[in-house]
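Visitor: Let me give you the structure first, and then I'll get to my questions.
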Amino acid sequence: MNTIKELKKSFLIALWFMFLTFPIMVIKVNTVEQTIDWRWNRLAMVGIFSFFASWIWRYLLQRKEMGQKRAEESETPTLTFQQRVLQNPKFTRPALVVICIFAAIFPFYFSMYQVNIMTTALIYVILGLGLNIVVGLAGLLDLGYVAFYAVGAYSYALLNVHFGMGFWACLPIGAGLAMLFGIVLGFPVLRLRGDYLAIVTLGFGEIIRLILENWNEFSFGPSGIANIPRPGFFGIKMSIHQSLIYIYFIMVAMVIFTIFVVRRLQDSRIGRAWIALREDEVACQATGIDKTKTKLSAFALGATWAGMGGVVFAAKTTFINPASFTIWESIMILCIVVLGGMGSIVGVIFGAGILILLPEYLRAFSEYRMLMFAAALVLMMVFRPHGIISAVRRTYQFEGSPEKKASS
Amino acid sequence: MDYFLELFLGGLTRGSIYALIALGYTMVYGIIELINFAHGEIYMIGAFTALIVISVLTMLGWNQLAILAIATLAAIVWSSAYGFTAEKVAYKPLRGAPRLSPLISAIGVSLFLQNYVLLAQTSDFLPFPNLIPDFKFLEPYEGIVRSTEIVIYVVTAAVLVILTVLIKFTKLGKAMRATAQDRDMAMLVGVNVDRVISFTFIVGSATAALGGVLIASHIGQINFYIGFIAGIKAFVAAVLGGIGSMPGAVLGSLVLGWTESFFTGYISSDYEDVFAFLFLVLILIFRPSGILGRANTDKV
Amino acid sequence: MESVLDIKQLTMDFGGLRALDHIDLDVKAGEIAALIGPNGAGKTTFFNCVTGIYKPTEGDMFICPPGKKRERINGLKPNQVTEKGMARTFQNIRLFQNMTVLENVMMGRHCRMRAGIPGAILRNRATREEEQRVVEESYAILKKIGLAEFVNEFAKNLPYGAQRRLEIARAMATEPFLLLLDEPAAGMNNQETKELDELILRIRSEEKISILLIEHDMKLVMSLSDRIFVMDYGRKIAQGTPEEIKNNPAVIKAYLGEDIDA
């Protein structure tokens, strides 16, 4: 009886989706030749797909509700298998060693193409980790993150064009300028409520891109800036091959540095304030926490990391133009954070891996990549709002003598 | 003076079109406090559906007015269906989730619909035929205002009146207002909140579809990306007018339309979009409640 | 006796509605004062004005922390008010639910800590010592409030009465000279209320903190308070010792229909 009811439900949903997608999926008009292409097979595909998808959807929804009920009943938070594995030093230590060795030998065993992709992925890792401070820790949805990335990239490119400054001089300057932008832009807007903040940051991001596109005298307009030098190494001349490996190792170092910094920030006075702010702003203020200052610090730190990422990006591609800094880039980075797991360092690295590497290696799938990511964004929010790797915050514990250790 | 009139009417047209999209934004926001990022895409889907229907019927050699009517109807039906489905799939399961979750979900829907149309149809700009006939009585003013523009003004005004009547005087409208005020309370007094929210999405999407057909007729071409920028601008307009308020949405749209039109006409057209965004940022910073919105104090 | 809090002619309008109408109120050093009145009288609005959440339409607010100079606090932000030494609790409990009990109290210490971003990243000696000190101090406060057994629990898993006490602990961690308690006994059973009564008295005697509380439990109010202020429809209708208030006709009239069992 129940199965028949479920069958009927799925059948009706399938019919609904067939109706819904009918004009756009099935009919394709060729206006030049005045012919209509009726793609009926697609209708059948939609029907079959949505029939099964709706079934799985309902099953997952049910499971989620049951999970919530269970969580409410039990007092202590139960850790999932995955969280237990990630917290078990017996597993994490060898895994870390393996990853380090792999990272060290990677460029010598794989092609330049692979090294290049990996470097891109690493840039996204630090962008993700930077945005994670803003979104994951402080709970501020920043949709204009790419603006700071652009500030970093353009600082290096322009300083190089006009003053011939090198990569290493520009790296701190780019990061600093991005931070300054973060503070200047953040200051007036950070008192806005969450969703308004998202829209305003989106607006800022687009303003900066449009200015870069239109202000030819300053930014060379849509044609961009070419021939940006790769990073130097004490003035030694390097082949392209060598300098790509060099950039790769710079990125590995930066990722390690970023992880180190983010971990320390999480377990600090300021990190606690971010988390508390995400929980309850009014209580935070009543507890004596300066809301604006705390938010601004998260925003500016996130911007700093985007700026660093931007400098490396410019040095790696040797060419930048405003097209690299659209809103979709911001959303891509947001996807990395959301998919991987807000607030979780491992999650963000994982997210960057999936979003950047997977489409590169599965070429057939790359046409559908944005579609898939978009669907994943919705599915994640509905079924797994904490991301693939959900963060387990290290909590402060007190046992006899004051000491800090990871939660049980 | 002629140039001024031209810019004035151009701004009125822009504003009216923004209004048709902004109304949907403001209604959805009013009822579930969600910035429905995908609303612009609903409008784009309306335009695409209309174009597909128009192309098919034109090949069959139908009468122009009949095609227009059927295409508009189809756009409304399918846009509403997409709006309804998006709400059921991506927003409804997230009621009661933290505020940012449905917003991220909405970004996902927006991105999904864009790429869906891109993959199922094309990434090229497609020509959109203008089927609105030239009105005889407009001939003397030909240089000043076209019939399409007149239709846009009239439709926008009519939609505002209809929606106002709907919300002020019907039972469903009352239920909508109750839900907007306090969802739990509305549920307690027997309002079917789920149905009211669905209905809001349907009405908002239908309005956006009308906007889609009209703007496409006016501009003469569409592609999968038109929803994004129009959506953002309509949102600016809705916020400017005071989000949640329907007359505010129309007023905000007109103000935005005119300022944009005069700005590009007298100052510079390069920075047209910069201007819209700057406007948004400034309003949100200095008067987040908009022109007609009321400042609300958070409950403590 | 010196007044630690001195409010003069405080008025608050919401649109056309006058929520507070020229209220005068003062709390003396070492005093337990109570603010009572029927629902909707404007008591919580009063707290919100004093703690900087609302900007009052009219009136002056002064504080005079023991041993410090008298100071006007109009226009200060909530966190600045807390830094000056006035801490509050909320009627509807506002804890950081997903943080542990210890961490909640540590948040209270936040404004008395110095470590910034460089300190957090470098984790130098000063920062490490400060962190350790804060953990110890927070634990000490929890012990005093009687929440030591819950120290590593998440705040959301605490029993109701303990959550209310945790709010007090968090407020005390900010080193206040005046505690503003908004219905601390709401939802508590008799036993819990009795413990709360003792706790408040202990806070005053041991920590030398003055207290202003909003409360509906008349038994608690009458037994605790040195002085009582009564509000109705945004106006102060009476003030005095519990004895005076009990026999005040205006108060009895305002409460007609509500019990004063004392």
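Following the order of the structure tokens, first chain is A, next is B, and so on, with residues numbered from 1 inside each chain and ligands from 1 in the order they appear.
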For Ile73 (chain C), find every residue with an atom within 9 Å (counting only C-alpha atoms), except residues of its own chain fewer than 4 positions away, and show them as a list of chain:residue names.
Guide: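 Those residues are C:Val50, C:Thr51, C:Gly52, C:Asp60, C:Met61, C:Phe62, C:Ile63, C:Val81.
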Visitor: Would you pick out the contacts of region 154-163 of chain C at 8 Å or less, using only C-alpha atoms, so that residues sharing its chain but fewer than 5 positions from it are not included, and give the list as a ChimeraX atom specification?
Guide: /A:75-76 /C:93,95-101,104,147,187-188,192
Visitor: Would you please give, as an NGL selection string, all residues of region 36-177 of chain B that DSSP assigns to alpha helix (DSSP H) based on the backbone?
Guide: :B and (39-59 or 64-86 or 100-120 or 147-169 or 171-177)
Visitor: Show me which bits of chain A are within 8 Å of chain B, counting only C-alpha atoms, as a ChimeraX atom specification.
Guide: /A:20,23-25,27-29,31,34,36,141,188-189,192,194-196,200,203-204,206-207,210-211,214,282,370-379,381-382,385
Visitor: Give me, as a list in words, the contact residues of chain C against chain B at a cut-off of 10 Å, counting only C-alpha atoms.
Guide: Phe14, Gly15, Thr44, Thr45, Asn48, Ile53, Tyr54, Phe90, Gln91, Asn92 and Arg94 of chain C
Visitor: What are the closest atom pairs, with distances in Å to one decimal, for each residue of chain A lying within 6 Å of chain C, using only C-alpha atoms, rows by chain and rising residue number, as JSON lines?
Guide:
{"residue": "A:Val261", "atom": "CA", "partner": "C:Ile121", "partner_atom": "CA", "distance": 5.7}
{"residue": "A:Arg264", "atom": "CA", "partner": "C:Ile121", "partner_atom": "CA", "distance": 5.6}
{"residue": "A:Leu265", "atom": "CA", "partner": "C:Ala120", "partner_atom": "CA", "distance": 5.6}
{"residue": "A:Ser268", "atom": "CA", "partner": "C:Ala120", "partner_atom": "CA", "distance": 5.5}
{"residue": "A:Glu279", "atom": "CA", "partner": "C:Phe96", "partner_atom": "CA", "distance": 5.8}
{"residue": "A:Ala283", "atom": "CA", "partner": "C:Arg94", "partner_atom": "CA", "distance": 5.9}
{"residue": "A:Gln285", "atom": "CA", "partner": "C:Asn79", "partner_atom": "CA", "distance": 4.7}
{"residue": "A:Ala286", "atom": "CA", "partner": "C:Pro78", "partner_atom": "CA", "distance": 5.6}
{"residue": "A:Thr287", "atom": "CA", "partner": "C:Gly108", "partner_atom": "CA", "distance": 5.4}
{"residue": "A:Gly288", "atom": "CA", "partner": "C:Asn79", "partner_atom": "CA", "distance": 3.9}
{"residue": "A:Ile289", "atom": "CA", "partner": "C:Asn79", "partner_atom": "CA", "distance": 5.5}
{"residue": "A:Asp290", "atom": "CA", "partner": "C:Asn79", "partner_atom": "CA", "distance": 5.7}
{"residue": "A:Gln397", "atom": "CA", "partner": "C:Asn152", "partner_atom": "CA", "distance": 5.6}
Visitor: Near region 164-178 of chain A, within 12 Å and counting only C-alpha atoms, which residues show up once chain neighbours fewer than 5 positions away are dropped, as an MDAnalysis selection string?
Guide: chainID A and resid 130 145:159 183:186 227:235 247 250 254 299:316 318
Visitor: Could you name the residues that touch Ala41 (chain C) at 6 Å or less, counting only C-alpha atoms, but leaving out those on the same chain fewer than 6 positions away, as an mmCIF file with all heavy atoms, in the first residue's frame?
Guide:
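So the final result, stored in result.cif, reads:
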data_model
loop_
_atom_site.group_PDB
_atom_site.id
_atom_site.type_symbol
_atom_site.label_atom_id
_atom_site.label_comp_id
_atom_site.auth_asym_id
_atom_site.auth_seq_id
_atom_site.Cartn_x
_atom_site.Cartn_y
_atom_site.Cartn_z
ATOM 1 N N MET C 231 6.632 50.388 37.782
ATOM 2 C CA MET C 231 6.280 51.047 36.521
ATOM 3 C C MET C 231 4.931 50.548 36.031
ATOM 4 O O MET C 231 4.543 49.417 36.278
ATOM 5 C CB MET C 231 7.328 50.752 35.446
ATOM 6 C CG MET C 231 8.587 51.581 35.589
ATOM 7 S SD MET C 231 9.772 51.142 34.322
ATOM 8 C CE MET C 231 8.931 51.731 32.882
ATOM 9 N N ASP C 232 4.228 51.441 35.343
ATOM 10 C CA ASP C 232 2.981 51.052 34.688
ATOM 11 C C ASP C 232 2.797 51.951 33.472
ATOM 12 O O ASP C 232 2.936 53.167 33.586
ATOM 13 C CB ASP C 232 1.815 51.202 35.671
ATOM 14 C CG ASP C 232 0.588 50.471 35.155
ATOM 15 O OD1 ASP C 232 0.745 49.588 34.278
ATOM 16 O OD2 ASP C 232 -0.515 50.778 35.636
ATOM 17 N N TYR C 233 2.482 51.367 32.336
ATOM 18 C CA TYR C 233 2.313 52.137 31.103
ATOM 19 C C TYR C 233 3.438 53.147 30.873
ATOM 20 O O TYR C 233 3.193 54.296 30.536
ATOM 21 C CB TYR C 233 0.968 52.868 31.097
ATOM 22 C CG TYR C 233 -0.197 51.925 31.018
ATOM 23 C CD1 TYR C 233 -1.057 51.760 32.088
ATOM 24 C CD2 TYR C 233 -0.409 51.166 29.862
ATOM 25 C CE1 TYR C 233 -2.103 50.876 32.023
ATOM 26 C CE2 TYR C 233 -1.454 50.269 29.790
ATOM 27 C CZ TYR C 233 -2.307 50.123 30.868
ATOM 28 O OH TYR C 233 -3.333 49.243 30.797
ATOM 29 N N GLY C 234 4.675 52.713 31.088
ATOM 30 C CA GLY C 234 5.799 53.574 30.769
ATOM 31 C C GLY C 234 6.097 54.643 31.787
ATOM 32 O O GLY C 234 7.014 55.436 31.603
#
Visitor: Could you name the residues that touch Leu251 (chain B) at 9 Å or less, counting only C-alpha atoms, but leaving out those on the same chain fewer than 2 positions away, as a ChimeraX atom specification?
Guide: /B:15,19,237-238,240-241,246-249,253-256,291-292
Visitor: Which distance in Å separates CA of Ile222 (chain B) and CA of Asn63 (chain B), to one decimal?
Guide: 22.8 Å
Visitor: Find the residues near region 353-360 of chain A: any atom within 8 Å, counting only C-alpha atoms, skip ones fewer than 3 places away on the same chain, and give them as a list in words.
Guide: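 My list of contacting residues is Ile117, Met118, Thr120, Ala121, Tyr124, Ile336, Ile349, Phe350, Arg363, Phe365, Ser366, Arg369 and Phe373 of chain A.
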Visitor: If you run DSSP on this backbone, which residues of region 77-263 of chain B come out as strand (DSSP E), and could you give them as a VMD selection string?
Guide: chain B and resid 126 to 127 221 to 222
Visitor: Filtering to all heavy atoms, could you give me those residues as a PDB file, in the first residue's frame?
Guide:
ATOM      1  N   LEU B 126      19.721  35.484 -28.860  1.00  0.00           N
ATOM      2  CA  LEU B 126      18.708  35.158 -29.857  1.00  0.00           C
ATOM      3  C   LEU B 126      17.868  36.395 -30.129  1.00  0.00           C
ATOM      4  O   LEU B 126      17.524  37.127 -29.190  1.00  0.00           O
ATOM      5  CB  LEU B 126      17.800  34.043 -29.338  1.00  0.00           C
ATOM      6  CG  LEU B 126      18.475  32.708 -29.050  1.00  0.00           C
ATOM      7  CD1 LEU B 126      17.492  31.745 -28.396  1.00  0.00           C
ATOM      8  CD2 LEU B 126      19.018  32.107 -30.335  1.00  0.00           C
ATOM      9  N   PRO B 127      17.528  36.643 -31.385  1.00  0.00           N
ATOM     10  CA  PRO B 127      16.661  37.790 -31.686  1.00  0.00           C
ATOM     11  C   PRO B 127      15.247  37.520 -31.179  1.00  0.00           C
ATOM     12  O   PRO B 127      14.738  36.408 -31.287  1.00  0.00           O
ATOM     13  CB  PRO B 127      16.687  37.865 -33.213  1.00  0.00           C
ATOM     14  CG  PRO B 127      17.053  36.511 -33.660  1.00  0.00           C
ATOM     15  CD  PRO B 127      17.909  35.905 -32.590  1.00  0.00           C
ATOM     16  N   GLN B 221      16.463  41.215 -28.042  1.00  0.00           N
ATOM     17  CA  GLN B 221      17.283  40.001 -28.012  1.00  0.00           C
ATOM     18  C   GLN B 221      17.387  39.479 -26.583  1.00  0.00           C
ATOM     19  O   GLN B 221      17.259  40.236 -25.623  1.00  0.00           O
ATOM     20  CB  GLN B 221      18.662  40.266 -28.587  1.00  0.00           C
ATOM     21  CG  GLN B 221      19.389  41.373 -27.863  1.00  0.00           C
ATOM     22  CD  GLN B 221      20.827  41.505 -28.352  1.00  0.00           C
ATOM     23  OE1 GLN B 221      21.236  40.854 -29.290  1.00  0.00           O
ATOM     24  NE2 GLN B 221      21.597  42.340 -27.689  1.00  0.00           N
ATOM     25  N   ILE B 222      17.628  38.171 -26.472  1.00  0.00           N
ATOM     26  CA  ILE B 222      17.766  37.583 -25.133  1.00  0.00           C
ATOM     27  C   ILE B 222      18.880  36.547 -25.144  1.00  0.00           C
ATOM     28  O   ILE B 222      19.240  36.024 -26.203  1.00  0.00           O
ATOM     29  CB  ILE B 222      16.464  36.890 -24.654  1.00  0.00           C
ATOM     30  CG1 ILE B 222      16.052  35.777 -25.615  1.00  0.00           C
ATOM     31  CG2 ILE B 222      15.351  37.876 -24.470  1.00  0.00           C
ATOM     32  CD1 ILE B 222      14.905  34.935 -25.088  1.00  0.00           C
TER      33      ILE B 222
END
Visitor: Considering only C-alpha atoms, can you say which of A:Pro222, A:Gly341, A:Gly136, A:Pro89 comes closest to Met380 (chain A)?
Guide: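 Comparing A:Pro222, A:Gly341, A:Gly136, A:Pro89 against Met380 (chain A), the winner is A:Gly341.
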Visitor: Between CA of Ala95 (chain A) and CA of Leu362 (chain A), measure the distance and give it in Å to one decimal.
Guide: 25.4 Å
Visitor: Within 7 Å of His22 (chain C), counting only C-alpha atoms, which residues show up once you throw out same-chain ones fewer than 6 positions away? Write them as a short mmCIF file (atom, residue, chain, number, x, y, z; two decimals) with N, CA and C atoms, in the first residue's frame, please.
Guide:
data_model
loop_
_atom_site.label_atom_id
_atom_site.label_comp_id
_atom_site.auth_asym_id
_atom_site.auth_seq_id
_atom_site.Cartn_x
_atom_site.Cartn_y
_atom_site.Cartn_z
N GLN C 9 14.86 61.46 34.02
CA GLN C 9 13.87 61.85 33.01
C GLN C 9 14.01 61.04 31.72
N LEU C 10 14.24 59.76 31.84
CA LEU C 10 14.46 58.91 30.66
C LEU C 10 13.14 58.70 29.90
N THR C 11 13.17 59.01 28.62
CA THR C 11 11.97 58.90 27.77
C THR C 11 12.33 58.18 26.50
#
